[in-house]
Amino acid sequence: MTLLIVLPTYNERLNIERVTEAIMGHDFTRLLVVDDASPDGTGAIAETLAARWPGRIEVFHRRGPRGLGLAYVEGLKRALEAPVDAIGQMDADLSHDPKYLPDLVAALASHDLTIGSRYLNGISVINWPLHRLILSAFANRYIRFVTGMSPRDCTSGFRVWRKEALARLPLDAARANGYAFLTEMLYEAQRHGCRVGEVPIVFVERQEGYSKVSQKVLIESLLTPWRLILRGGRLTRSTR
């Protein structure tokens, strides 16, 4: 199964080479770097990496308003045009270890979407302060309570989709632009009948660069579950 990873980047020059090398270490992978006009030169470094792996790496330089959701919508739409079987999402900061990609792809044998889950076997997170763990655990419980979604890790950005399943989703209707975009995508996946599975991973906090989580992102994450159920209703057992 051929897998195309969509990798949004903004100021990740300290991480982009290492994460790319790890992704390219799997012979079934291709990579689409979606750079949000990073002022630190991430896009230029990505171009040199594309020259190292011709035919396997493409770099898309976005212009206009920045944001994870906007980058993913454009990147995923481009990915759907590629001749691949599966499409992946992951962070560029090495918190999502590419060594788990074979397990995520293998789980597509019985699922339409597989999630790299931090909470499937207890809490599998390294180097997070206690307040960050509490916030993340609360966020997942809150999202499941409001929306009716079933996965234990609704906010994980480490995901692999069957291409035909992703193609069923209304990407252009997405409204969230921060990390809440991940919640919105998962909600739409379950609402459209996608079979969602989880694969245990160990999440490691970034060692280089800085987190993009802001107060604005947190507020959007708090409001998005309510906006989703107002749009499509709370999920029930028959819709997840």
# chains A, B, ... in the order shown; residues from 1 in each chain; ligands from 1
$ closest_atom_pairs --of "segment 104-146 of chain A" --to "segment 185-202 of chain A" --cutoff "8 Å" --atoms "only C-alpha atoms" --output "tab-separated table"
residue	atom	partner	partner_atom	distance
A:Leu104	CA	A:Val199	CA	6.4
A:Ala107	CA	A:Gly197	CA	7.3
A:Ser110	CA	A:Arg195	CA	7.8
A:His111	CA	A:Arg195	CA	4.9
A:Asp112	CA	A:Arg195	CA	5.1
A:Leu113	CA	A:Val196	CA	4.9
A:Thr114	CA	A:Gly197	CA	4.7
A:Ile115	CA	A:Glu198	CA	4.6
A:Gly116	CA	A:Val199	CA	5.1
A:Ser117	CA	A:Pro200	CA	4.9
A:Arg118	CA	A:Ile201	CA	5.7
A:Tyr119	CA	A:Pro200	CA	7.4
A:Leu120	CA	A:Pro200	CA	5.7
A:Asn121	CA	A:Pro200	CA	6.8
A:Ser124	CA	A:Val202	CA	4.9
A:Val125	CA	A:Val202	CA	5.8
A:Ile126	CA	A:Val202	CA	7.3
$ write_last_selection --atoms "N, CA and C atoms" --output "PDB file, in the first residue's frame"
ATOM      1  N   LEU A 104       0.132   1.691  11.522  1.00  0.00           N
ATOM      2  CA  LEU A 104      -1.047   2.470  11.151  1.00  0.00           C
ATOM      3  C   LEU A 104      -1.583   2.030   9.792  1.00  0.00           C
ATOM      4  N   ALA A 107      -3.314  -1.424   9.983  1.00  0.00           N
ATOM      5  CA  ALA A 107      -4.641  -1.369  10.595  1.00  0.00           C
ATOM      6  C   ALA A 107      -5.720  -0.945   9.604  1.00  0.00           C
ATOM      7  N   SER A 110      -8.740  -3.271   8.242  1.00  0.00           N
ATOM      8  CA  SER A 110     -10.093  -3.380   8.804  1.00  0.00           C
ATOM      9  C   SER A 110     -10.697  -2.038   9.186  1.00  0.00           C
ATOM     10  N   HIS A 111     -10.032  -0.939   8.810  1.00  0.00           N
ATOM     11  CA  HIS A 111     -10.536   0.390   9.142  1.00  0.00           C
ATOM     12  C   HIS A 111     -10.358   1.344   7.968  1.00  0.00           C
ATOM     13  N   ASP A 112     -11.113   2.425   7.989  1.00  0.00           N
ATOM     14  CA  ASP A 112     -10.969   3.481   6.978  1.00  0.00           C
ATOM     15  C   ASP A 112     -10.023   4.572   7.444  1.00  0.00           C
ATOM     16  N   LEU A 113      -9.913   4.720   8.755  1.00  0.00           N
ATOM     17  CA  LEU A 113      -9.039   5.713   9.368  1.00  0.00           C
ATOM     18  C   LEU A 113      -8.406   5.096  10.596  1.00  0.00           C
ATOM     19  N   THR A 114      -7.081   5.217  10.728  1.00  0.00           N
ATOM     20  CA  THR A 114      -6.401   4.746  11.927  1.00  0.00           C
ATOM     21  C   THR A 114      -5.703   5.926  12.591  1.00  0.00           C
ATOM     22  N   ILE A 115      -5.797   5.963  13.914  1.00  0.00           N
ATOM     23  CA  ILE A 115      -5.264   7.065  14.707  1.00  0.00           C
ATOM     24  C   ILE A 115      -4.120   6.560  15.567  1.00  0.00           C
ATOM     25  N   GLY A 116      -3.010   7.289  15.562  1.00  0.00           N
ATOM     26  CA  GLY A 116      -1.930   7.002  16.491  1.00  0.00           C
ATOM     27  C   GLY A 116      -2.321   7.538  17.849  1.00  0.00           C
ATOM     28  N   SER A 117      -2.692   6.658  18.767  1.00  0.00           N
ATOM     29  CA  SER A 117      -3.330   7.049  20.021  1.00  0.00           C
ATOM     30  C   SER A 117      -2.367   7.082  21.197  1.00  0.00           C
ATOM     31  N   ARG A 118      -2.411   8.203  21.934  1.00  0.00           N
ATOM     32  CA  ARG A 118      -1.605   8.367  23.152  1.00  0.00           C
ATOM     33  C   ARG A 118      -2.287   7.764  24.373  1.00  0.00           C
ATOM     34  N   TYR A 119      -3.566   7.427  24.248  1.00  0.00           N
ATOM     35  CA  TYR A 119      -4.350   7.063  25.427  1.00  0.00           C
ATOM     36  C   TYR A 119      -5.010   5.692  25.315  1.00  0.00           C
ATOM     37  N   LEU A 120      -4.539   4.864  24.415  1.00  0.00           N
ATOM     38  CA  LEU A 120      -5.136   3.546  24.253  1.00  0.00           C
ATOM     39  C   LEU A 120      -4.712   2.604  25.370  1.00  0.00           C
ATOM     40  N   ASN A 121      -3.469   2.696  25.775  1.00  0.00           N
ATOM     41  CA  ASN A 121      -2.946   1.866  26.868  1.00  0.00           C
ATOM     42  C   ASN A 121      -2.475   2.782  28.001  1.00  0.00           C
ATOM     43  N   SER A 124       0.512   7.449  27.242  1.00  0.00           N
ATOM     44  CA  SER A 124       1.820   7.197  26.627  1.00  0.00           C
ATOM     45  C   SER A 124       2.382   8.508  26.080  1.00  0.00           C
ATOM     46  N   VAL A 125       2.797   9.370  26.986  1.00  0.00           N
ATOM     47  CA  VAL A 125       3.326  10.686  26.642  1.00  0.00           C
ATOM     48  C   VAL A 125       4.607  10.910  27.426  1.00  0.00           C
ATOM     49  N   ILE A 126       5.641  11.411  26.737  1.00  0.00           N
ATOM     50  CA  ILE A 126       6.929  11.677  27.371  1.00  0.00           C
ATOM     51  C   ILE A 126       7.222  13.176  27.343  1.00  0.00           C
TER      52      ILE A 126
END
$ residues_around --residues "Ile57 of chain A" --least-positions-apart "4" --cutoff "7 Å" --atoms "only C-alpha atoms" --output "PyMOL selection string"
chain A and resi 30-32+50+53
$ write_last_selection --atoms "C-alpha atoms" --output "PDB file, in the first residue's frame"
ATOM      1  CA  ARG A  30       5.802   9.610  -0.217  1.00  0.00           C
ATOM      2  CA  LEU A  31       5.761  13.076   1.336  1.00  0.00           C
ATOM      3  CA  LEU A  32       3.913  16.332   0.658  1.00  0.00           C
ATOM      4  CA  ALA A  50      12.936  16.955  -2.353  1.00  0.00           C
ATOM      5  CA  TRP A  53      14.468  12.019  -2.992  1.00  0.00           C
TER       6      TRP A  53
END
$ atom_distance --atom1 "atom CA of Phe28 of chain A" --atom2 "atom CA of Phe158 of chain A"
17.2 Å
$ residues_around --residues "Pro8 of chain A" --least-positions-apart "4" --cutoff "10 Å" --atoms "only C-alpha atoms" --output "VMD selection string"
chain A and resid 12 32 to 36 60 62 67 to 72 75 89 to 92
$ closest_residue --among "A:Ser95, A:Ser221, A:Thr9, A:Thr236" --to "Asn127 of chain A" --atoms "only C-alpha atoms"
A:Ser95
$ select_by_dssp --residues "segment 22-217 of chain A" --states "helix (DSSP H, G or I)" --output "JSON, numbers by chain"
{"A": [22, 23, 24, 42, 43, 44, 45, 46, 47, 48, 49, 50, 51, 52, 68, 69, 70, 71, 72, 73, 74, 75, 76, 77, 78, 79, 80, 98, 99, 100, 101, 102, 103, 104, 105, 106, 107, 108, 109, 130, 131, 132, 133, 134, 135, 136, 137, 138, 139, 140, 141, 142, 143, 144, 145, 146, 147, 163, 164, 165, 166, 171, 172, 173, 180, 181, 182, 183, 184, 185, 186, 187, 188, 189, 190, 191, 215, 216, 217]}
